[in-house]
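Coordinates from protein_33.tsv are shown below (TSV, C-alpha atoms).
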```
chain	number	residue	atom	x	y	z
G	1	MET	CA	32.62	-50.24	14.24
G	2	ASN	CA	35.90	-48.31	14.59
G	3	THR	CA	36.27	-44.70	15.71
G	4	TYR	CA	36.49	-43.34	12.14
G	5	GLN	CA	33.30	-45.16	11.10
G	6	SER	CA	31.50	-43.88	14.18
G	7	LEU	CA	32.62	-40.34	13.42
G	8	MET	CA	31.46	-40.58	9.81
G	9	CYS	CA	28.09	-41.93	10.90
G	10	MET	CA	27.69	-38.96	13.21
G	11	VAL	CA	28.61	-36.54	10.39
G	12	CYS	CA	26.11	-38.20	8.04
G	13	TYR	CA	23.47	-38.07	10.75
G	14	PHE	CA	23.91	-34.33	11.35
G	15	LEU	CA	24.03	-33.63	7.60
G	16	SER	CA	20.75	-35.51	7.19
G	17	LEU	CA	19.25	-33.50	10.05
G	18	SER	CA	20.37	-30.28	8.33
G	19	ALA	CA	18.82	-31.34	5.03
G	20	TRP	CA	15.64	-32.41	6.81
G	21	ALA	CA	15.44	-29.05	8.56
G	22	GLN	CA	15.56	-27.29	5.18
G	23	ALA	CA	13.15	-29.68	3.46
G	24	PRO	CA	9.89	-28.08	2.26
G	25	LYS	CA	7.03	-28.27	4.72
G	26	ASP	CA	4.45	-28.99	2.03
G	27	PRO	CA	4.15	-31.19	-1.08
G	28	VAL	CA	6.06	-29.41	-3.87
G	29	PRO	CA	4.68	-28.85	-7.41
G	30	THR	CA	6.89	-30.99	-9.65
G	31	ARG	CA	7.11	-30.68	-13.42
G	32	LYS	CA	6.95	-33.95	-15.34
G	33	GLY	CA	7.32	-32.98	-18.98
G	34	GLU	CA	4.06	-31.30	-19.99
G	35	LYS	CA	2.31	-32.35	-16.77
G	36	TRP	CA	2.65	-31.53	-13.09
G	37	THR	CA	2.52	-33.65	-9.95
G	38	TYR	CA	3.19	-32.93	-6.27
G	39	SER	CA	6.02	-34.57	-4.35
G	40	GLY	CA	4.64	-37.40	-2.24
G	41	LEU	CA	1.12	-37.17	-3.69
G	42	ALA	CA	-0.74	-39.14	-6.33
G	43	GLY	CA	-2.44	-37.38	-9.22
G	44	GLU	CA	-1.44	-35.49	-12.34
G	45	PHE	CA	-2.35	-31.94	-13.31
G	46	ASP	CA	-1.99	-29.64	-16.30
G	47	GLU	CA	-0.69	-26.79	-14.12
G	48	ALA	CA	0.03	-26.54	-10.41
G	49	HIS	CA	0.69	-23.85	-7.81
G	50	ALA	CA	2.31	-24.10	-4.40
G	51	PHE	CA	0.25	-24.83	-1.28
G	52	HIS	CA	-0.93	-21.96	0.92
G	53	PRO	CA	-2.07	-22.27	4.54
G	54	ILE	CA	-5.58	-21.90	5.91
G	55	LEU	CA	-5.32	-20.23	9.31
G	56	GLN	CA	-7.55	-20.02	12.34
G	57	THR	CA	-7.35	-17.69	15.31
G	58	LYS	CA	-8.55	-18.66	18.74
G	59	THR	CA	-8.41	-17.33	22.28
G	60	ILE	CA	-6.70	-19.37	24.97
G	61	LYS	CA	-5.98	-18.77	28.64
G	62	THR	CA	-2.31	-18.22	29.47
G	63	THR	CA	-0.55	-17.76	32.79
G	64	VAL	CA	0.66	-14.25	33.61
G	65	LYS	CA	4.35	-14.32	34.54
G	66	GLY	CA	6.52	-11.74	36.27
G	67	LYS	CA	9.96	-10.46	35.30
G	68	ASN	CA	11.52	-13.44	37.06
G	69	GLY	CA	9.59	-15.80	34.79
G	70	LYS	CA	7.48	-17.17	37.62
G	71	PRO	CA	3.64	-17.10	37.60
G	72	ILE	CA	2.01	-14.15	39.33
G	73	LEU	CA	-0.48	-15.20	42.02
G	74	GLY	CA	-3.79	-13.49	42.69
G	75	PHE	CA	-3.73	-11.44	45.89
G	76	LYS	CA	-6.89	-13.07	47.27
G	77	THR	CA	-7.11	-16.39	45.44
G	78	LYS	CA	-3.39	-17.24	45.62
G	79	LYS	CA	-3.89	-18.95	42.24
G	80	ASN	CA	-2.05	-18.27	39.00
G	81	LEU	CA	-3.35	-15.17	37.24
G	82	GLU	CA	-4.50	-15.80	33.68
G	83	LYS	CA	-5.09	-13.64	30.60
G	84	ASP	CA	-6.74	-14.14	27.22
G	85	THR	CA	-4.20	-14.68	24.45
G	86	ILE	CA	-5.07	-14.80	20.74
G	87	VAL	CA	-3.10	-17.43	18.84
G	88	THR	CA	-3.09	-18.34	15.16
G	89	GLU	CA	-2.83	-21.95	14.05
G	90	GLU	CA	-2.66	-23.65	10.68
G	91	ILE	CA	-5.67	-25.87	10.08
G	92	GLY	CA	-5.20	-26.82	6.43
G	93	LEU	CA	-3.47	-26.37	3.09
G	94	LEU	CA	-4.89	-25.57	-0.33
G	95	ALA	CA	-3.20	-25.30	-3.73
G	96	ALA	CA	-4.58	-24.11	-7.06
G	97	ALA	CA	-4.34	-26.90	-9.65
G	98	LYS	CA	-5.56	-27.17	-13.23
G	99	LYS	CA	-7.32	-30.12	-14.89
G	100	GLY	CA	-7.92	-29.66	-18.58
G	101	ASP	CA	-8.72	-25.99	-19.07
G	102	LYS	CA	-10.22	-25.35	-15.61
G	103	TRP	CA	-8.76	-24.55	-12.20
G	104	GLY	CA	-9.73	-25.82	-8.76
G	105	TYR	CA	-8.03	-26.33	-5.40
G	106	ILE	CA	-6.57	-29.50	-3.91
G	107	GLY	CA	-5.92	-30.36	-0.27
G	108	LYS	CA	-2.76	-31.90	1.13
G	109	ASP	CA	-4.02	-35.38	0.13
G	110	GLY	CA	-3.93	-34.34	-3.53
G	111	LYS	CA	-7.72	-34.50	-3.98
G	112	PHE	CA	-9.87	-31.61	-5.15
G	113	VAL	CA	-11.51	-29.77	-2.27
G	114	VAL	CA	-12.82	-27.16	-4.71
G	115	GLN	CA	-13.73	-28.71	-8.05
G	116	PRO	CA	-12.00	-27.37	-11.20
G	117	ASN	CA	-14.71	-25.02	-12.46
G	118	TYR	CA	-12.78	-21.77	-12.85
G	119	ASN	CA	-10.93	-20.03	-15.68
G	120	ILE	CA	-8.71	-18.21	-13.18
G	121	ALA	CA	-7.80	-19.24	-9.62
G	122	TYR	CA	-5.47	-17.07	-7.58
G	123	ASP	CA	-3.70	-18.46	-4.53
G	124	PHE	CA	-5.40	-18.49	-1.14
G	125	LYS	CA	-4.30	-15.49	0.91
G	126	ASN	CA	-5.79	-14.59	4.28
G	127	ASN	CA	-8.19	-17.58	3.97
G	128	PHE	CA	-9.84	-16.34	0.75
G	129	ALA	CA	-9.11	-16.80	-2.94
G	130	VAL	CA	-10.11	-14.69	-5.93
G	131	VAL	CA	-11.51	-16.78	-8.82
G	132	ALA	CA	-13.15	-16.17	-12.18
G	133	LYS	CA	-15.68	-17.93	-14.35
G	134	GLY	CA	-16.56	-17.04	-17.90
G	135	GLU	CA	-17.00	-18.10	-21.48
G	136	VAL	CA	-15.21	-17.71	-24.79
G	137	THR	CA	-16.84	-15.21	-27.15
G	138	ASP	CA	-15.90	-13.96	-30.61
G	139	ASP	CA	-13.90	-11.23	-28.88
G	140	GLY	CA	-12.02	-13.65	-26.64
G	141	GLN	CA	-12.28	-14.85	-23.04
G	142	VAL	CA	-14.79	-13.03	-20.85
G	143	ASN	CA	-14.14	-13.44	-17.12
G	144	GLU	CA	-16.38	-12.65	-14.18
G	145	PHE	CA	-14.60	-12.53	-10.82
G	146	GLY	CA	-15.69	-13.52	-7.35
G	147	ILE	CA	-14.28	-14.79	-4.03
G	148	ILE	CA	-14.39	-18.25	-2.42
G	149	ASP	CA	-13.66	-19.38	1.13
G	150	LYS	CA	-11.75	-22.50	2.23
G	151	THR	CA	-14.77	-24.73	1.58
G	152	GLY	CA	-15.19	-23.49	-1.98
G	153	ARG	CA	-18.30	-21.48	-1.18
G	154	GLU	CA	-18.60	-18.37	-3.34
G	155	VAL	CA	-18.87	-15.74	-0.63
G	156	VAL	CA	-18.86	-13.17	-3.43
G	157	PRO	CA	-20.58	-14.42	-6.63
G	158	CYS	CA	-18.57	-14.36	-9.85
G	159	LYS	CA	-20.05	-11.24	-11.43
G	160	TYR	CA	-17.35	-8.55	-11.39
G	161	ALA	CA	-15.44	-7.59	-14.56
G	162	GLU	CA	-12.14	-7.07	-12.75
G	163	MET	CA	-10.89	-7.80	-9.25
G	164	GLY	CA	-7.59	-7.59	-7.39
G	165	ALA	CA	-5.63	-10.81	-6.92
G	166	GLU	CA	-5.62	-10.71	-3.12
G	167	VAL	CA	-8.03	-10.01	-0.26
G	168	ARG	CA	-6.50	-7.76	2.41
G	169	ASP	CA	-8.21	-6.70	5.62
G	170	SER	CA	-11.22	-8.68	4.27
G	171	ILE	CA	-11.45	-6.17	1.39
G	172	VAL	CA	-10.60	-6.50	-2.31
G	173	THR	CA	-10.33	-3.96	-5.12
G	174	ILE	CA	-12.84	-4.20	-7.99
G	175	ALA	CA	-13.22	-2.50	-11.36
G	176	LYS	CA	-15.55	-2.07	-14.29
G	177	ILE	CA	-15.41	-0.25	-17.63
G	178	ASP	CA	-17.28	3.05	-17.90
G	179	GLN	CA	-19.34	2.52	-21.06
G	180	THR	CA	-19.43	6.26	-21.71
G	181	THR	CA	-15.69	6.98	-21.56
G	182	GLY	CA	-14.26	3.49	-22.06
G	183	SER	CA	-11.97	3.97	-19.04
G	184	ALA	CA	-11.81	1.81	-15.93
G	185	LEU	CA	-13.56	2.78	-12.69
G	186	PHE	CA	-12.48	1.23	-9.37
G	187	GLY	CA	-14.02	0.54	-6.00
G	188	PHE	CA	-13.64	-1.58	-2.85
G	189	LEU	CA	-15.63	-4.70	-1.89
G	190	HIS	CA	-15.89	-6.57	1.43
G	191	VAL	CA	-15.81	-10.39	1.41
G	192	SER	CA	-19.37	-10.30	2.75
G	193	GLY	CA	-20.37	-8.90	-0.65
G	194	LYS	CA	-20.95	-5.41	0.72
G	195	LEU	CA	-19.78	-2.65	-1.60
G	196	ILE	CA	-17.44	-0.54	0.54
G	197	ALA	CA	-16.87	2.13	-2.10
G	198	ASP	CA	-18.72	2.34	-5.40
G	199	PHE	CA	-17.09	2.43	-8.85
G	200	LYS	CA	-15.96	6.03	-8.77
G	201	TYR	CA	-12.17	6.05	-8.55
G	202	SER	CA	-9.63	6.23	-11.37
G	203	GLN	CA	-7.03	4.23	-9.40
G	204	VAL	CA	-6.91	2.31	-6.11
G	205	ARG	CA	-4.39	0.45	-3.97
G	206	ASP	CA	-4.95	-2.64	-1.81
G	207	PHE	CA	-5.94	-2.04	1.81
G	208	SER	CA	-3.12	-1.80	4.34
G	209	ASN	CA	-3.33	-0.94	8.04
G	210	GLY	CA	-7.10	-0.59	7.66
G	211	MET	CA	-6.89	2.08	4.92
G	212	GLY	CA	-7.11	1.96	1.12
G	213	ALA	CA	-5.58	4.61	-1.12
G	214	PHE	CA	-7.63	5.97	-4.03
G	215	SER	CA	-7.26	8.50	-6.82
G	216	ASN	CA	-10.24	10.54	-8.01
G	217	LYS	CA	-10.97	11.69	-11.54
G	218	SER	CA	-8.90	14.84	-10.94
G	219	GLY	CA	-5.83	12.72	-10.21
G	220	LYS	CA	-5.75	13.53	-6.49
G	221	TRP	CA	-5.13	10.79	-3.93
G	222	GLY	CA	-6.80	10.15	-0.58
G	223	PHE	CA	-7.73	7.22	1.68
G	224	VAL	CA	-10.92	5.37	2.55
G	225	ASP	CA	-11.41	3.43	5.78
G	226	ARG	CA	-12.98	-0.01	6.19
G	227	ASN	CA	-16.46	1.53	6.17
G	228	GLY	CA	-15.86	3.20	2.81
G	229	LYS	CA	-15.68	6.67	4.34
G	230	GLU	CA	-13.15	8.98	2.71
G	231	ALA	CA	-11.31	9.37	5.99
G	232	ILE	CA	-8.52	11.39	4.35
G	233	PRO	CA	-9.87	13.56	1.49
G	234	ALA	CA	-8.23	13.47	-1.94
G	235	GLN	CA	-5.47	16.11	-1.81
G	236	PHE	CA	-2.19	14.40	-2.70
G	237	GLU	CA	-0.45	13.98	-6.06
G	238	GLY	CA	0.63	10.47	-5.03
G	239	ALA	CA	0.20	8.05	-2.14
G	240	PHE	CA	1.56	4.71	-0.96
G	241	ASP	CA	0.29	2.26	1.66
G	242	PHE	CA	0.01	2.89	5.37
G	243	SER	CA	2.69	1.11	7.41
G	244	GLU	CA	3.11	1.46	11.15
G	245	ASP	CA	0.25	4.01	10.99
G	246	LEU	CA	2.07	6.37	8.60
G	247	ALA	CA	1.70	6.79	4.83
G	248	TYR	CA	4.18	8.20	2.30
G	249	THR	CA	2.41	10.87	0.23
G	250	TYR	CA	3.40	13.30	-2.56
G	251	LYS	CA	2.64	17.00	-2.47
G	252	SER	CA	4.21	20.11	-4.01
G	253	LEU	CA	6.76	17.97	-5.89
G	254	LYS	CA	8.07	16.39	-2.67
G	255	TRP	CA	7.31	13.33	-0.52
G	256	GLY	CA	6.47	13.31	3.18
G	257	PHE	CA	4.46	11.29	5.71
G	258	ILE	CA	0.95	11.69	7.11
G	259	ASN	CA	-0.76	9.96	10.02
G	260	ARG	CA	-4.15	8.23	10.00
G	261	GLN	CA	-5.91	11.56	10.54
G	262	GLY	CA	-4.29	12.95	7.37
G	263	LYS	CA	-2.04	15.30	9.35
G	264	GLU	CA	1.46	15.96	7.98
G	265	VAL	CA	3.89	14.48	10.54
G	266	ILE	CA	7.07	14.42	8.45
G	267	GLN	CA	7.56	17.46	6.25
G	268	TYR	CA	7.37	17.18	2.46
G	269	GLN	CA	11.06	17.27	1.56
G	270	TYR	CA	12.05	13.97	-0.04
G	271	GLN	CA	12.49	12.82	-3.64
G	272	SER	CA	10.75	10.01	-5.50
G	273	HIS	CA	12.19	6.55	-4.93
G	274	THR	CA	13.83	4.51	-7.65
G	275	VAL	CA	12.87	1.34	-5.72
G	276	GLY	CA	10.34	0.80	-2.92
G	277	GLN	CA	7.34	2.58	-1.45
G	278	GLY	CA	8.53	4.42	1.65
G	279	LEU	CA	7.21	1.79	4.05
G	280	PHE	CA	8.10	1.84	7.73
G	281	THR	CA	9.64	-1.41	8.99
G	282	ASN	CA	10.90	-1.77	12.56
G	283	GLY	CA	10.50	1.99	12.98
G	284	LEU	CA	12.62	2.89	9.93
G	285	ALA	CA	11.65	4.12	6.45
G	286	LYS	CA	13.84	4.55	3.38
G	287	VAL	CA	13.70	8.02	1.82
G	288	ARG	CA	15.68	9.82	-0.89
G	289	LYS	CA	17.51	13.13	-0.74
G	290	SER	CA	20.09	14.70	-3.10
G	291	ASN	CA	19.69	11.63	-5.33
G	292	LEU	CA	20.84	9.27	-2.55
G	293	ASP	CA	18.89	6.87	-0.30
G	294	GLY	CA	19.00	6.76	3.49
G	295	TRP	CA	16.70	5.95	6.42
G	296	ILE	CA	14.75	8.02	8.93
G	297	ASP	CA	12.74	7.14	12.04
G	298	ARG	CA	9.16	8.13	12.85
G	299	ASN	CA	10.38	11.48	14.23
G	300	ASN	CA	12.25	12.26	10.99
G	301	ASN	CA	15.62	11.70	12.67
G	302	LYS	CA	18.28	10.47	10.25
G	303	ARG	CA	19.19	6.94	11.29
G	304	ILE	CA	21.20	5.71	8.28
G	305	ASN	CA	23.19	8.19	6.18
G	306	PHE	CA	22.14	9.21	2.67
G	307	ILE	CA	24.99	7.47	0.85
G	308	TYR	CA	23.37	4.85	-1.38
G	309	ALA	CA	22.74	5.25	-5.11
G	310	GLU	CA	19.81	2.85	-4.70
G	311	ALA	CA	18.41	0.77	-1.88
G	312	ARG	CA	15.55	-1.57	-1.07
G	313	ASP	CA	13.30	-1.55	1.98
G	314	PHE	CA	14.28	-3.65	5.01
G	315	SER	CA	13.16	-7.27	5.00
G	316	GLU	CA	14.07	-9.71	7.76
G	317	ARG	CA	16.13	-6.84	9.27
G	318	LEU	CA	18.40	-6.53	6.23
G	319	ALA	CA	18.24	-4.11	3.29
G	320	ALA	CA	19.87	-4.40	-0.12
G	321	VAL	CA	21.95	-1.30	-0.95
G	322	LYS	CA	23.85	-0.25	-4.06
G	323	THR	CA	27.32	1.25	-3.77
G	324	GLY	CA	28.86	2.14	-7.12
G	325	ALA	CA	27.72	-0.58	-9.51
G	326	LYS	CA	27.38	-3.38	-6.95
G	327	TRP	CA	24.82	-4.46	-4.37
G	328	GLY	CA	25.28	-5.66	-0.80
G	329	PHE	CA	23.22	-5.65	2.43
G	330	ILE	CA	23.16	-3.52	5.58
G	331	ASP	CA	21.57	-4.25	8.96
G	332	VAL	CA	19.22	-1.89	10.84
G	333	SER	CA	22.21	-0.07	12.39
G	334	GLY	CA	23.50	0.78	8.91
G	335	LYS	CA	26.45	-1.59	9.08
G	336	LEU	CA	27.40	-3.30	5.82
G	337	VAL	CA	27.07	-6.97	6.80
G	338	ILE	CA	27.12	-8.56	3.32
G	339	PRO	CA	29.75	-7.03	1.00
G	340	SER	CA	28.71	-5.24	-2.18
G	341	THR	CA	29.66	-7.88	-4.74
G	342	PHE	CA	26.40	-8.57	-6.60
G	343	ASP	CA	25.07	-7.11	-9.84
G	344	ALA	CA	21.50	-7.05	-8.43
G	345	ALA	CA	19.81	-8.05	-5.20
G	346	GLU	CA	16.24	-8.56	-4.00
G	347	ASP	CA	14.61	-8.66	-0.54
G	348	PHE	CA	15.00	-11.53	1.90
G	349	HIS	CA	12.16	-14.05	1.93
G	350	ASP	CA	12.10	-17.12	4.15
G	351	GLY	CA	15.74	-16.54	5.12
G	352	LEU	CA	17.10	-16.29	1.56
G	353	ALA	CA	17.60	-13.38	-0.86
G	354	ALA	CA	17.86	-13.61	-4.64
G	355	ILE	CA	21.10	-12.16	-6.02
G	356	ARG	CA	22.31	-11.77	-9.60
G	357	THR	CA	25.84	-12.37	-10.83
G	358	GLY	CA	26.18	-11.44	-14.48
G	359	ALA	CA	22.96	-12.55	-16.13
G	360	LYS	CA	22.14	-15.39	-13.72
G	361	TRP	CA	20.26	-15.51	-10.41
G	362	GLY	CA	20.95	-17.49	-7.25
G	363	PHE	CA	20.31	-17.18	-3.49
G	364	ILE	CA	22.28	-16.21	-0.38
G	365	ASP	CA	21.45	-16.54	3.30
G	366	THR	CA	21.48	-13.75	5.90
G	367	LYS	CA	25.23	-14.27	6.43
G	368	GLY	CA	25.95	-13.73	2.74
G	369	VAL	CA	26.75	-17.39	2.12
G	370	VAL	CA	25.72	-18.57	-1.36
G	371	LYS	CA	23.22	-21.35	-0.70
G	372	ILE	CA	22.05	-21.81	-4.31
G	373	PRO	CA	24.52	-20.90	-7.09
G	374	ALA	CA	23.60	-18.23	-9.64
G	375	LYS	CA	22.38	-20.31	-12.59
G	376	TYR	CA	18.76	-19.27	-13.17
G	377	ASP	CA	17.43	-16.83	-15.76
G	378	GLU	CA	14.52	-15.57	-13.64
G	379	ILE	CA	13.08	-15.83	-10.16
G	380	LYS	CA	9.33	-15.96	-10.70
G	381	ILE	CA	8.25	-16.51	-7.07
G	382	PHE	CA	10.57	-15.85	-4.12
G	383	PHE	CA	11.01	-18.37	-1.32
G	384	SER	CA	8.00	-19.08	0.88
G	385	ARG	CA	7.49	-22.12	3.10
G	386	GLY	CA	10.73	-23.58	1.78
G	387	ILE	CA	10.25	-23.35	-2.00
G	388	ALA	CA	10.68	-20.85	-4.85
G	389	GLU	CA	9.73	-20.90	-8.54
G	390	VAL	CA	12.52	-20.22	-11.05
G	391	ARG	CA	13.15	-20.28	-14.78
G	392	ALA	CA	16.05	-21.88	-16.62
G	393	GLY	CA	15.84	-21.33	-20.36
G	394	GLU	CA	12.19	-21.74	-21.33
G	395	GLU	CA	11.30	-24.01	-18.40
G	396	TYR	CA	9.70	-22.96	-15.11
G	397	PHE	CA	9.98	-25.23	-12.06
G	398	TYR	CA	10.30	-25.18	-8.26
G	399	ILE	CA	13.39	-25.51	-6.10
G	400	ASP	CA	13.81	-25.97	-2.35
G	401	LYS	CA	16.30	-24.33	0.00
G	402	THR	CA	18.87	-27.05	-0.55
G	403	GLY	CA	18.85	-26.27	-4.29
G	404	LYS	CA	16.97	-29.44	-5.21
G	405	GLU	CA	15.03	-28.99	-8.44
G	406	TYR	CA	11.54	-30.49	-8.70
G	407	LYS	CA	11.33	-31.62	-12.30
```
Using structure tokens, write down the structure that the file contains.
Amino acid sequence: MNTYQSLMCMVCYFLSLSAWAQAPKDPVPTRKGEKWTYSGLAGEFDEAHAFHPILQTKTIKTTVKGKNGKPILGFKTKKNLEKDTIVTEEIGLLAAAKKGDKWGYIGKDGKFVVQPNYNIAYDFKNNFAVVAKGEVTDDGQVNEFGIIDKTGREVVPCKYAEMGAEVRDSIVTIAKIDQTTGSALFGFLHVSGKLIADFKYSQVRDFSNGMGAFSNKSGKWGFVDRNGKEAIPAQFEGAFDFSEDLAYTYKSLKWGFINRQGKEVIQYQYQSHTVGQGLFTNGLAKVRKSNLDGWIDRNNNKRINFIYAEARDFSERLAAVKTGAKWGFIDVSGKLVIPSTFDAAEDFHDGLAAIRTGAKWGFIDTKGVVKIPAKYDEIKIFFSRGIAEVRAGEEYFYIDKTGKEYK
């Protein structure tokens, strides 16, 4: 083998390593005409979702190290000091898949772990999945919702008329129709089946940071804690989720922030957002003033100037911002690190952000390099664990981070 051949072999080797590094971690749902399969697995399905992890936390002993990186010894024992460390590990994968007109869940071997007995099967999140059973009546499909765990056990029986799609902080939102008024009433339910808050709210938001926002019949918003106590009484005209122990709330035609005790910590002075929910990320929150977006810290100090016509919250330490008619990205210092050349831009997920050029969508990396050309009509599901779901024309299918299409 000559020098040129050796060099080319090395190039091919490193290219293959790069492709391998970007390859999806899990079997990928793959469209085959009217049916679906999973890459590397046997079996055929009528519909298929991506795999989601089942996680387990455990406590392990770890060595305490000093600033020099060396273990700290006990004064008397002269042995390495140890501390309890909580770690999270992935112990399985489950994906919602449909056989005939019913949904179940398959494991990473492609076999059903939870038999297809459900009309609706949402993805596993936080080790639980919301499902629904029901029957077809003269008025249409009637669904009754419940919750299953990783074994398929119905930890909450399927008996609720409406339920949120995701369990957060071990709590899910539920709803029923008030037969007197015909309007919906909402509450909160623990995965143990315990009713945290009865059907008495006109609107609710998913739990975040151990608190769930609610609106009463008078249209005022407050927050309940994990015990169902109205820890912050209904007093706001609007409210978003808690993040970093602060919540963006609306009062007297302005937005400000409260702490977990309901105390105003950032004065009500900001306008409604065009995009986003005023969430704190890495100590910064996007707010709007004089019809322009900027960022403040937890002490209400201006950290990034109010100069953007629109902006998105930070994700993976970058935020999409609109200057004139075009979108680009800034870092947490406010520096424009990806030029404003796109017609639309979304948050970063799994190292890639969806961007639109003209009418088509593609993806860039955190350096602004186009990794997947803009050729899709819609991004249905953003990248997670190496895959995203897109639409081209009338067809939905999955792609990986190399741009490979699974169809």
Quiz prompt | Best match for closeness to Tyr38 of chain G among G:Asp241, G:Tyr398, G:Cys158, G:Ala311, counting only C-alpha atoms | solution = G:Tyr398
Quiz item: At what distance in Å, to one decimal, does atom CA of Lys380 of chain G lie from atom CA of Tyr160 of chain G?
Solution: 27.7 Å
Practice problem: Write out as a PyMOL selection string each polymer residue whose atoms come within 7 Å of segment 164-176 of chain G, counting all atoms listed in the file; drop sequence neighbours fewer than 2 positions from it. | Solution: chain G and resi 122+125-126+128+130+161-162+178+184-191+199+206-207+210
Practice problem: Using atom CA of Arg31 of chain G and atom CA of Leu93 of chain G as the two end points, give the distance in Å to one decimal. | Solution: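 Calculated distance between atom CA of Arg31 of chain G and atom CA of Leu93 of chain G is 20.1 Å.
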Practice problem: Between G:Ser218, G:Arg226, G:Phe383, G:Lys302, single out the one closest to Gly283 of chain G, counting all atoms listed in the file. | Solution: G:Lys302
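Closest to Lys200 of chain G among G:Arg298, G:Lys217, G:Arg312, G:Arg356 is G:Lys217, based on all atoms listed in the file.
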Exercise. Compile the contact shell of Asn143 of chain G as a PyMOL selection string: residues with an atom at most 6 Å away, counting all atoms listed in the file, same-chain residues fewer than 4 positions apart removed.
Key: chain G and resi 132-134
Any idea what's packed within 9 Å of Lys251 of chain G, counting all atoms listed in the file, ignoring anything in its chain fewer than 2 positions away? Could you give it as a PDB file with C-alpha atoms, in the frame of the given file?
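Dumped everything to selection-v2.pdb:
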```pdb
ATOM      1  CA  GLN G 235      -5.470  16.110  -1.810  1.00  0.00           C
ATOM      2  CA  PHE G 236      -2.190  14.400  -2.700  1.00  0.00           C
ATOM      3  CA  GLU G 237      -0.450  13.980  -6.060  1.00  0.00           C
ATOM      4  CA  GLY G 238       0.630  10.470  -5.030  1.00  0.00           C
ATOM      5  CA  THR G 249       2.410  10.870   0.230  1.00  0.00           C
ATOM      6  CA  LEU G 253       6.760  17.970  -5.890  1.00  0.00           C
ATOM      7  CA  LYS G 254       8.070  16.390  -2.670  1.00  0.00           C
ATOM      8  CA  TRP G 255       7.310  13.330  -0.520  1.00  0.00           C
ATOM      9  CA  GLY G 256       6.470  13.310   3.180  1.00  0.00           C
ATOM     10  CA  TYR G 268       7.370  17.180   2.460  1.00  0.00           C
TER      11      TYR G 268
END
```
Quiz item: So which residues touch Ile296 of chain G within 8 Å, counting only C-alpha atoms, skipping near sequence neighbours fewer than 6 positions away, as a list in words?
Solution: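 Once the nearby chain positions are removed, what remains is Leu284, Ala285, Lys286, Val287, Lys302, Arg303 and Ile304 of chain G.
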Quiz item: Using all atoms listed in the file, which residue out of G:Val155, G:Ala345, G:Val390, G:Ala197 lies closest to Lys404 of chain G?
Solution: G:Val390
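Considering all atoms listed in the file, the residue among G:Lys375, G:Lys67, G:His49, G:Lys58 positioned nearest to Phe397 of chain G is G:His49.
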Quiz item: Counting all atoms listed in the file, what is within 10 Å of Lys111 of chain G, bar same-chain residues fewer than 6 positions away, as a PyMOL selection string?
Solution: chain G and resi 41-43+105
Practice problem: State, in Å with one decimal place, the distance from atom CA of Ile147 of chain G to atom CA of Leu55 of chain G. | Solution: 17.0 Å
Exercise. May I ask which of the residues G:Lys220, G:Lys83, G:Lys35, G:Lys401 is the closest one to Ala23 of chain G, counting all atoms listed in the file?
Key: G:Lys401
